[in-house]
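**Q** Please read through the structure below; I'll follow up with questions.
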Amino acid sequence: MTKGLRNLLIAVAAVLLILFSIYGFVKGTYNNFVTLDESVKASWAQVENQLQRRYDLIPNLVETVKGFAQQERDVFLGVTEARAKVGGAANIPDKIAANNELSGALSRLLLVVERYPDIKSNENFMKLQDELAGTENRIAVERRRYNETVRQYNVTIRSFPNNLFAGLFGFEKAAFFEVPEAAQAVPSVSFK
């Protein structure tokens, strides 16, 4: 074997090694993006499971309270409208906004309950309230898990050199499930 042929084989082997290394890096990066993207979707599905549970409980809660507090129609209407928005939300940011609005409406509904002590002694209401409280806790846990998964995904796709490949492959930042400032304040209900 001549020296020139040997150098050519070494050069070809080096180029192949570099190409396989680049291929391995890109493949690993892409697969990591896919794994994290699917984790975000799975986490969101768990949030939606709990939101659906709350969505399904609301009509029973409203009907139970309605029987005791007929004059609080605005509160019931607000809960019903917020629930309808949840049902009509098409994408994750819209679902987050609709569920935040629903949380505020439910807070106002529970304030109505404080005005009617007889409601609190109703066994059906107590069961529904316990179910709703448990569901709200589950939502909080799943929202936290979802946000942690989104954080991990967003950090990964925004970190260098991943950010170069994330844009190339069409991976975009995921939306956090944030509670609006209005929902953090104590709701006030005006009874006229």
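Labels used: A, B, ... for chains in the order of the structure tokens, numbers from 1 for residues in each chain, and numbers from 1 for ligands as shown.
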Do a neighbour search on A:Thr156 at 12 Å with only C-alpha atoms, toss out local chain neighbours closer than 2 positions, and write the hits as a list in words.
**A**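 Result of the neighbour search: Thr29, Tyr30, Asn32, Phe33, Val34, Thr35, Leu36, Asp37, Thr149, Val150, Arg151, Gln152, Tyr153, Asn154, Arg158, Ser159, Phe160, Pro161, Asn162, Asn163, Leu164, Phe165, Ala166, Phe171, Glu172, Lys173 and Ala174 of chain A.
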**Q** Mind dumping the selected residues with C-alpha atoms as a PDB file, in the first residue's frame?
**A**
```
ATOM      1  CA  THR A  29     -30.551  15.976  20.239  1.00  0.00           C
ATOM      2  CA  TYR A  30     -33.633  15.461  18.071  1.00  0.00           C
ATOM      3  CA  ASN A  32     -34.267  14.321  23.296  1.00  0.00           C
ATOM      4  CA  PHE A  33     -36.509  17.088  21.926  1.00  0.00           C
ATOM      5  CA  VAL A  34     -39.135  14.515  20.942  1.00  0.00           C
ATOM      6  CA  THR A  35     -38.982  12.879  24.374  1.00  0.00           C
ATOM      7  CA  LEU A  36     -39.359  16.203  26.165  1.00  0.00           C
ATOM      8  CA  ASP A  37     -42.134  17.346  23.804  1.00  0.00           C
ATOM      9  CA  THR A 149     -41.975  19.566  32.470  1.00  0.00           C
ATOM     10  CA  VAL A 150     -42.482  22.713  30.377  1.00  0.00           C
ATOM     11  CA  ARG A 151     -39.586  24.388  32.182  1.00  0.00           C
ATOM     12  CA  GLN A 152     -37.285  21.451  31.447  1.00  0.00           C
ATOM     13  CA  TYR A 153     -38.387  21.352  27.798  1.00  0.00           C
ATOM     14  CA  ASN A 154     -38.038  25.119  27.313  1.00  0.00           C
ATOM     15  CA  ARG A 158     -33.308  27.316  24.318  1.00  0.00           C
ATOM     16  CA  SER A 159     -29.839  26.140  25.414  1.00  0.00           C
ATOM     17  CA  PHE A 160     -26.912  26.345  23.021  1.00  0.00           C
ATOM     18  CA  PRO A 161     -26.375  24.436  20.711  1.00  0.00           C
ATOM     19  CA  ASN A 162     -29.819  22.851  21.082  1.00  0.00           C
ATOM     20  CA  ASN A 163     -31.488  26.136  20.148  1.00  0.00           C
ATOM     21  CA  LEU A 164     -29.955  25.883  16.674  1.00  0.00           C
ATOM     22  CA  PHE A 165     -31.498  22.483  16.102  1.00  0.00           C
ATOM     23  CA  ALA A 166     -34.792  23.201  17.873  1.00  0.00           C
ATOM     24  CA  PHE A 171     -39.689  22.749  18.220  1.00  0.00           C
ATOM     25  CA  GLU A 172     -41.152  25.849  19.886  1.00  0.00           C
ATOM     26  CA  LYS A 173     -41.479  27.012  23.472  1.00  0.00           C
ATOM     27  CA  ALA A 174     -44.367  25.465  25.377  1.00  0.00           C
TER      28      ALA A 174
END
```
**Q** Pick out the residues sitting within 10 Å of A:Val86, and hand them over as a ChimeraX atom specification; count only C-alpha atoms, and ignore anything fewer than 4 positions along from it in its own chain.
**A** /A:51-52,55,80-82,90,94-102
**Q** Closest to A:Phe177 among A:Leu5, A:Ala14, A:Ala84, A:Ile139, using only C-alpha atoms?
**A**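 Distance minimum relative to A:Phe177 lands on A:Ile139.
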